[in-house]
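Peer 1: I'd like to ask some things about the structure below.
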Amino acid sequence: MKIFVNKSVTMIKKALLFIPLYLVALDPCQKAFPQNILNGPNIVKSIEYKCCGPELNISQDIIESHVLLKEGKEFSPFLADASLKSLYASGNFEHVSIKVDEIGGTNDYRVIFSLTPKMQVASIEFSGNKKFKSKVLLKKISTKPRAGLSKGVLKSDVEALIKLYNDHGYPYADVSYDIVNTSDATQVKVVFNIVEGQKFHIGKIKFIGNDVVKESELLKAMRTKRWTLLSIFKKTGLYHPGDFSSDLETIKSIFRNHGYLDIEIDEGSISYENRKNSLIISIPVHTGQLYHVGSITISGNNLYETKEIEDILAIRTSDVFSPAEVDAACSRVVDFYGQSGYINMNIHVDKKADLVYNRIDVEFAINESEKCFVNEVEIHGNSKTKNKVILRELALAPGDPFDALRMKNSRLRLMNTGYFSFVDVSPINTEVPEKKNIRIDVKEANTGKIGMGGGISTGGEVVGFVEFSQRNFDINSQNKQFQGGGQKFRSRVQIGKHTLAADINFEEPWWYDRELAIGVDLFCHKTSYDRKLQDYSGADYSQDRMGGEVYLRKRIFDLWDGKLTYGLESVKIYGISRGAPRAFFDREGHTTISKATFSLERDTRNNFVYPTMGSRIGITTEFAGGPFLGKTKYIKVYTYGMKHWLVFDAAQQVFSVIGQAGTIAPYGGDTTPFFDRFYLGGQNFMKGFRCHDVGPRENGTGIGGNSFTYGSLEYCFKIIDPVRFYLFAEVGFVNQREWNFSVKDYNTDIGFGLKIFIMGAPLRLDFGFPIRGEGGNKHGMRFNYFFGTAF
């Protein structure tokens with residue numbers, strides 16, 4: 001038995017030795033081994049290197065670094081095979097082979113490596129290139145001077161050069177290459193021959209034979225676009241054969257979804273007409289017959305009535321047949337079942353064509369499943385964010401019926417936190433068929449931001465700022481660099497000749513693991529109002545405001561958030577110039593303000609920077625006074641709203657309506673501090689007027705009012721990302737008395753401007769033209785600008 005086992009082991013070893021010999025036959029490295037090399041211990045007596053072809057210009061040390069066989073050591077086919085592969089992978093050789101010779105009938109062997117070196121590229125030239133300089137083309141290819149020559153790489157280089165020309169409007173560019181010998185037998189010169197062809201801008205795209213689908217719908221869906229002035233920035237308007245071929249399939253899909261299932265586009269019949277380097281593309285379309293929905297059959301539904309399923313499908317007999325609508329209907333049914341825990345159900349659609357009446361009979365075969373429940377939640381990939389921060393965003397918990405729709409919403413809620421760059425939420429089978437685990441895979445995002453910046457305002461003031469923010473902050477996690485708790489922290493310092501501002505904000509969005517946010521704001525703002533500022537013409541004075549707020553915020557109902565705030569601040573007025581209004585001198589020195597604020601807000605905007613739809617409305621009530629240092633007494637009510645409509649998808653054309661109104665009423669014999677009154681005019685509101693110039697004035701200086709109303713109409717569209725051009729018309733007034741909304745002294749202006757968002761900071765240029773003013777506050781066109789960017 002022992003002899004049999006030993007023989008079996010020996011046979012297995014010999015069989016294993018043949019494995020590399022068999023595999024080697026499949027690669028470009030050739031081997032020649034004598035058969036008896038597998039018997040007994042065989043020693044490598046010597047290793048030789050033979051050059052085949054051009055002279056070797058590679059040092060022997062480099063070659064030997066790839067060879068694993070060693071003189072005086074036992075020969076191994078595995079090491080021989082690995083040595084060949086390493087030599088070939090080095091990229092220095094066109095061909096590599098190995099030969100093993102027995103020396104004089106002994107167990108000693110001579111190993112000979114035959115190496116055919118690659119030709120080296122001495123130089124690279126380009127012929128026929130006019131559009132691009134040779135140094136630009138050289139950067140686009142992988143072949144480089146003093147590197148080995150590879151025909152495979154040259155082929156890829158040709159494709160890269162053709163793509164470069166195609167992308168710049170040369171659809172018929174052609175590239176080939178020549179390999180030219182040099183005086184050195186080991187080196188060659190590579191010449192790329194370029195035929196650029198003619199450059200085309202797309203002047204027009206026409207559809208011949210189409211009177212059933214709006215041309216605008218087809219053009220919008222195509223990647224191939226007509227050339228316009230904006231094409232310079234958008235990099236559109238050029239003809240790319242690959243994109244155009246894909247566009248034809250998109251066009252066919254649109255026609256099919258309009259019921260024309262037999263749509264045909266003969267690519268050979270498409271005409272390309274050149275008119276002064278402007279390409280006119282005419283696409284012949286053969287729509288065929290229009291198909292409608294025939295009979296609708298639903299089968300397999302035991303849990304829900306057929307009528308209920310029909311209402312969810314929302315497809316009726318005689319509707320125009322659309323494959324996309326059928327797919328969407330199936331998705332609605334799957335979501336409907338999934339909301340009740342039947343996530344394993346599926347639906348099969350069988351379509352039968354009635355060519356006599358041009359109808360498609362549709363059968364929805366439903367395969368229902370058992371109801372599933374959530375077993376447990378698995379979280380993966382959260383290297384810094386705590387599990388509880390993720391779990392509190394889920395709309396499902398262990399024991400709940402497995403709701404597929406709530407699972408999708410959970411993913412959206414996690415993405416909306418901004419903590420993660422990737423989120424996947426999926427059901428996982430368990431040993432119990434009716435129970436599913438929820439697996440959450442996340443990839444942590446960069447949530448911290450440190451920025452330094454600078455800018456210049458309309459007043460000519462240069463300002464600089466330093467800011468640190470962390471939207472996934474954790475005040476109790478020093479070992480994770482204060483990250484992962486889902487808290488928010490922000491600090492900012494801004495310094496200029498006339499301004500100094502410092503702000504610190506901290507917020508815990510889930511106080512004691514309840515959906516109740518608590519936050520703290522601390523601030524210190526110093527501002528000097530100077531006549532030398534271009535946008536201010538009133539009396540000189542300086543204002544310091546320092547204090548803090550503590551607030552609670554909670555979603556009260558639907559999309560309405562409620563916020564309760566208590567704030568305490570000290571205001572210092574000093575440096576008042578002669579001739580200033582009496583209201584300034586009345587508040588000279590220190591004033592303490594203690595106030596409680598309650599606000600309601602509903603925000604459905606789809607983007608906070610450039611919204612294209614949605615609205616934001618809110619109302620705020622402030623009560624100043626009370627038991628804590630409450631010497632200043634007033635009640636302020638302020639409301640605001642804005643609504644955005646996407647008018648046209650092209651250039652994201654958006655129409656917006658913005659409105660604000662408020663009043664402030666003193667009580668207890670007090671007067672309203674001038675620095676808490678309402679003001680209009682300047683670079684934010686009523687841009688056609690100087691700062692504080694709209695409303696009551698004394699001695700030529702704006703003193704604010706106790707009531708105001710402001711409204712704006714704005715039409716904005718995208719030029720290129722991130723540049724928006726907009727037109728605006730504004731109306732507003734500020735009245736001296738509280739609850740006085742008389743429009744007698746209203747002001748209006750119109751204008752236009754640019755909004756640019758660069759590196760997370762705004763650039764805004766406004767030209768405002770006053771139309772109607774009061775009290776001599778019209779001073780002609782106003783140019784407002786603010787620029788701040790990170791550096």
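Just remember, in the structure tokens the first chain shown is A, the second B, etc., residues are 1-based per chain, and ligands are 1-based in the order shown.
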Do a neighbour search on stretch 222-232 of chain A at 7 Å with only C-alpha atoms, toss out local chain neighbours closer than 3 positions, and write the hits as a ChimeraX atom specification.

Peer 2: /A:201-204,218-219,235-237,239,243-244,247

Peer 1: Tell me which protein, DNA and RNA residues are within 9 Å of A:Ser410, counting only C-alpha atoms, leaving out same-chain ones fewer than 6 positions away, and put them as a ChimeraX atom specification.

Peer 2: /A:393-396,425

Peer 1: Do you know which residues are at most 12 Å from stretch 576-583 of chain A counting only C-alpha atoms, after dropping those on the same chain fewer than 4 positions away, and could you put them as a ChimeraX atom specification?

Peer 2: /A:528-531,537-543,572,587-589,671-677,696-705

Peer 1: Let me see the file: selected residues, C-alpha atoms, as a PDB file, in the first residue's frame.

Peer 2:
ATOM      1  CA  SER A 528     -18.426 101.129   8.918  1.00  0.00           C
ATOM      2  CA  TYR A 529     -20.734 103.121   6.630  1.00  0.00           C
ATOM      3  CA  ASP A 530     -18.623 105.676   4.766  1.00  0.00           C
ATOM      4  CA  ARG A 531     -19.601 108.244   2.141  1.00  0.00           C
ATOM      5  CA  SER A 537     -24.343 108.438   0.134  1.00  0.00           C
ATOM      6  CA  GLY A 538     -25.610 108.873   3.715  1.00  0.00           C
ATOM      7  CA  ALA A 539     -24.013 110.015   6.948  1.00  0.00           C
ATOM      8  CA  ASP A 540     -20.942 108.231   8.261  1.00  0.00           C
ATOM      9  CA  TYR A 541     -21.245 105.918  11.266  1.00  0.00           C
ATOM     10  CA  SER A 542     -19.971 102.573  12.554  1.00  0.00           C
ATOM     11  CA  GLN A 543     -21.944  99.654  13.921  1.00  0.00           C
ATOM     12  CA  LYS A 572     -22.818  99.598  19.542  1.00  0.00           C
ATOM     13  CA  ARG A 587     -29.008 105.044  19.601  1.00  0.00           C
ATOM     14  CA  GLU A 588     -25.392 106.140  20.044  1.00  0.00           C
ATOM     15  CA  GLY A 589     -23.560 103.857  22.461  1.00  0.00           C
ATOM     16  CA  THR A 671     -39.018 103.491  19.451  1.00  0.00           C
ATOM     17  CA  THR A 672     -37.695 101.118  16.830  1.00  0.00           C
ATOM     18  CA  PRO A 673     -33.879 101.205  16.586  1.00  0.00           C
ATOM     19  CA  PHE A 674     -32.884 102.491  13.158  1.00  0.00           C
ATOM     20  CA  PHE A 675     -30.543  99.527  12.667  1.00  0.00           C
ATOM     21  CA  ASP A 676     -33.462  97.041  12.957  1.00  0.00           C
ATOM     22  CA  ARG A 677     -35.764  98.862  10.554  1.00  0.00           C
ATOM     23  CA  PRO A 696     -37.673 107.587   4.487  1.00  0.00           C
ATOM     24  CA  ARG A 697     -34.594 109.802   4.613  1.00  0.00           C
ATOM     25  CA  GLU A 698     -33.378 112.610   6.815  1.00  0.00           C
ATOM     26  CA  ASN A 699     -30.707 115.093   5.723  1.00  0.00           C
ATOM     27  CA  GLY A 700     -30.082 112.904   2.669  1.00  0.00           C
ATOM     28  CA  THR A 701     -29.494 109.749   4.722  1.00  0.00           C
ATOM     29  CA  GLY A 702     -31.774 106.713   4.694  1.00  0.00           C
ATOM     30  CA  ILE A 703     -33.226 106.044   8.137  1.00  0.00           C
ATOM     31  CA  GLY A 704     -35.318 102.987   7.265  1.00  0.00           C
ATOM     32  CA  GLY A 705     -38.981 102.398   7.881  1.00  0.00           C
TER      33      GLY A 705
END

Peer 1: Can you tell me which residues surround A:Val212 at a distance of at most 12 Å, considering only C-alpha atoms, apart from same-chain residues fewer than 5 positions away, and format the answer as a PDB file with C-alpha atoms, in the first residue's frame?

Peer 2:
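File written: out18.pdb
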ATOM      1  CA  PHE A 207     -36.752  64.961 -41.166  1.00  0.00           C
ATOM      2  CA  GLU A 217     -38.995  66.523 -29.663  1.00  0.00           C
ATOM      3  CA  LEU A 218     -36.693  64.612 -32.005  1.00  0.00           C
ATOM      4  CA  ILE A 254     -39.366  57.943 -30.021  1.00  0.00           C
ATOM      5  CA  PHE A 255     -41.502  57.001 -33.028  1.00  0.00           C
ATOM      6  CA  ARG A 256     -42.247  53.570 -31.528  1.00  0.00           C
ATOM      7  CA  ASN A 257     -43.372  55.210 -28.294  1.00  0.00           C
ATOM      8  CA  HIS A 258     -45.754  57.321 -30.385  1.00  0.00           C
ATOM      9  CA  GLY A 259     -47.290  54.121 -31.765  1.00  0.00           C
ATOM     10  CA  TYR A 260     -45.339  53.803 -35.024  1.00  0.00           C
ATOM     11  CA  ILE A 263     -40.618  52.919 -38.191  1.00  0.00           C
ATOM     12  CA  VAL A 285     -38.427  58.642 -42.213  1.00  0.00           C
ATOM     13  CA  HIS A 286     -40.912  55.894 -43.108  1.00  0.00           C
ATOM     14  CA  THR A 287     -43.301  55.823 -40.175  1.00  0.00           C
ATOM     15  CA  GLY A 288     -45.588  52.981 -41.224  1.00  0.00           C
ATOM     16  CA  GLN A 289     -48.937  52.384 -39.545  1.00  0.00           C
ATOM     17  CA  LEU A 290     -50.092  53.798 -36.243  1.00  0.00           C
TER      18      LEU A 290
END

Peer 1: Just list as a VMD selection string whatever in stretch 654-744 of chain A DSSP marks as strand (DSSP E).

Peer 2: chain A and resid 654 to 666 697 to 698 701 to 702 707 to 720 723 to 735

Peer 1: Find the spatial neighbours of stretch 372-376 of chain A, counting only C-alpha atoms, within a cut-off of 6 Å - ignore same-chain residues fewer than 5 positions away - and output them as a PyMOL selection string.

Peer 2: chain A and resi 341+398-402+434-437

Peer 1: When distances are computed from only C-alpha atoms, which of A:Phe733, A:Ser599, A:Phe623, A:Val175 shows the smallest separation from A:Gly567?

Peer 2: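 Ranking A:Phe733, A:Ser599, A:Phe623, A:Val175 by distance to A:Gly567, first place goes to A:Phe623.
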
Peer 1: So, counting only C-alpha atoms, which residue among A:Val191, A:Ala596, A:Val326, A:Ala173 is closest to A:Ile635?

Peer 2: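 Closest to A:Ile635 of all the choices is A:Ala596.
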
Peer 1: Which residues are near stretch 713-725 of chain A? Cut-off 8 Å, only C-alpha atoms, ignore same chain within fewer than 4 positions. Put them as a PDB file with N, CA and C atoms, in the first residue's frame.

Peer 2:
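File written: selection.pdb
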ATOM      1  N   LEU A 230     -23.459  79.560 -29.169  1.00  0.00           N
ATOM      2  CA  LEU A 230     -23.154  78.935 -27.879  1.00  0.00           C
ATOM      3  C   LEU A 230     -22.422  77.609 -28.035  1.00  0.00           C
ATOM      4  N   PHE A 233     -18.955  77.172 -26.564  1.00  0.00           N
ATOM      5  CA  PHE A 233     -18.813  76.846 -25.145  1.00  0.00           C
ATOM      6  C   PHE A 233     -19.352  75.451 -24.834  1.00  0.00           C
ATOM      7  N   LYS A 234     -20.424  75.062 -25.510  1.00  0.00           N
ATOM      8  CA  LYS A 234     -21.055  73.780 -25.216  1.00  0.00           C
ATOM      9  C   LYS A 234     -20.399  72.611 -25.950  1.00  0.00           C
ATOM     10  N   ALA A 651     -31.633  75.635 -22.614  1.00  0.00           N
ATOM     11  CA  ALA A 651     -30.920  76.665 -21.845  1.00  0.00           C
ATOM     12  C   ALA A 651     -31.508  76.866 -20.452  1.00  0.00           C
ATOM     13  N   GLN A 652     -32.339  75.931 -19.982  1.00  0.00           N
ATOM     14  CA  GLN A 652     -32.926  75.997 -18.634  1.00  0.00           C
ATOM     15  C   GLN A 652     -33.525  77.382 -18.365  1.00  0.00           C
ATOM     16  N   GLN A 653     -34.484  77.757 -19.178  1.00  0.00           N
ATOM     17  CA  GLN A 653     -35.113  79.071 -19.054  1.00  0.00           C
ATOM     18  C   GLN A 653     -36.140  79.036 -17.917  1.00  0.00           C
ATOM     19  N   VAL A 654     -35.928  79.897 -16.926  1.00  0.00           N
ATOM     20  CA  VAL A 654     -36.721  79.870 -15.697  1.00  0.00           C
ATOM     21  C   VAL A 654     -37.337  81.246 -15.457  1.00  0.00           C
ATOM     22  N   PHE A 655     -38.629  81.230 -15.127  1.00  0.00           N
ATOM     23  CA  PHE A 655     -39.324  82.459 -14.740  1.00  0.00           C
ATOM     24  C   PHE A 655     -39.584  82.389 -13.237  1.00  0.00           C
ATOM     25  N   SER A 656     -39.248  83.474 -12.520  1.00  0.00           N
ATOM     26  CA  SER A 656     -39.371  83.483 -11.065  1.00  0.00           C
ATOM     27  C   SER A 656     -40.138  84.707 -10.603  1.00  0.00           C
ATOM     28  N   VAL A 657     -40.933  84.495  -9.566  1.00  0.00           N
ATOM     29  CA  VAL A 657     -41.641  85.580  -8.887  1.00  0.00           C
ATOM     30  C   VAL A 657     -41.176  85.581  -7.438  1.00  0.00           C
ATOM     31  N   ILE A 658     -40.751  86.753  -6.961  1.00  0.00           N
ATOM     32  CA  ILE A 658     -40.207  86.883  -5.608  1.00  0.00           C
ATOM     33  C   ILE A 658     -40.936  88.009  -4.893  1.00  0.00           C
ATOM     34  N   ALA A 729     -37.226  92.885 -13.104  1.00  0.00           N
ATOM     35  CA  ALA A 729     -38.030  94.089 -12.881  1.00  0.00           C
ATOM     36  C   ALA A 729     -38.436  94.073 -11.419  1.00  0.00           C
ATOM     37  N   GLU A 730     -38.192  95.188 -10.702  1.00  0.00           N
ATOM     38  CA  GLU A 730     -38.425  95.233  -9.263  1.00  0.00           C
ATOM     39  C   GLU A 730     -39.357  96.387  -8.909  1.00  0.00           C
ATOM     40  N   PHE A 752     -30.601  93.975 -15.930  1.00  0.00           N
ATOM     41  CA  PHE A 752     -30.134  92.655 -16.365  1.00  0.00           C
ATOM     42  C   PHE A 752     -28.819  92.368 -15.664  1.00  0.00           C
ATOM     43  N   GLY A 753     -28.402  91.137 -15.722  1.00  0.00           N
ATOM     44  CA  GLY A 753     -27.162  90.793 -15.049  1.00  0.00           C
ATOM     45  C   GLY A 753     -26.704  89.380 -15.345  1.00  0.00           C
ATOM     46  N   LEU A 754     -25.585  89.027 -14.765  1.00  0.00           N
ATOM     47  CA  LEU A 754     -25.007  87.693 -14.888  1.00  0.00           C
ATOM     48  C   LEU A 754     -24.823  87.101 -13.499  1.00  0.00           C
ATOM     49  N   LYS A 755     -25.118  85.812 -13.385  1.00  0.00           N
ATOM     50  CA  LYS A 755     -24.830  85.066 -12.169  1.00  0.00           C
ATOM     51  C   LYS A 755     -23.856  83.954 -12.527  1.00  0.00           C
ATOM     52  N   ILE A 756     -22.745  83.922 -11.830  1.00  0.00           N
ATOM     53  CA  ILE A 756     -21.723  82.920 -12.105  1.00  0.00           C
ATOM     54  C   ILE A 756     -21.319  82.294 -10.778  1.00  0.00           C
ATOM     55  N   PHE A 757     -21.250  80.975 -10.773  1.00  0.00           N
ATOM     56  CA  PHE A 757     -20.849  80.257  -9.558  1.00  0.00           C
ATOM     57  C   PHE A 757     -19.523  79.573  -9.840  1.00  0.00           C
ATOM     58  N   ILE A 758     -18.455  80.059  -9.203  1.00  0.00           N
ATOM     59  CA  ILE A 758     -17.106  79.586  -9.487  1.00  0.00           C
ATOM     60  C   ILE A 758     -16.478  79.053  -8.216  1.00  0.00           C
TER      61      ILE A 758
END

Peer 1: Counting only C-alpha atoms, which residues of stretch 62-130 of chain A fall within 7 Å of stretch 146-166 of chain A, and what is the closest atom pair for each with its distance in Å at one decimal, ordered by chain and rising number, as a Markdown table?

Peer 2:
| residue | atom | partner | partner_atom | distance |
| --- | --- | --- | --- | --- |
| A:Gly91 | CA | A:Gly148 | CA | 6.9 |
| A:Asn92 | CA | A:Gly148 | CA | 6.1 |
| A:Lys118 | CA | A:Gly148 | CA | 5.6 |
| A:Met119 | CA | A:Leu149 | CA | 5.4 |
| A:Gln120 | CA | A:Gly148 | CA | 4.6 |
| A:Val121 | CA | A:Arg146 | CA | 5.2 |
| A:Ala122 | CA | A:Arg146 | CA | 5.7 |
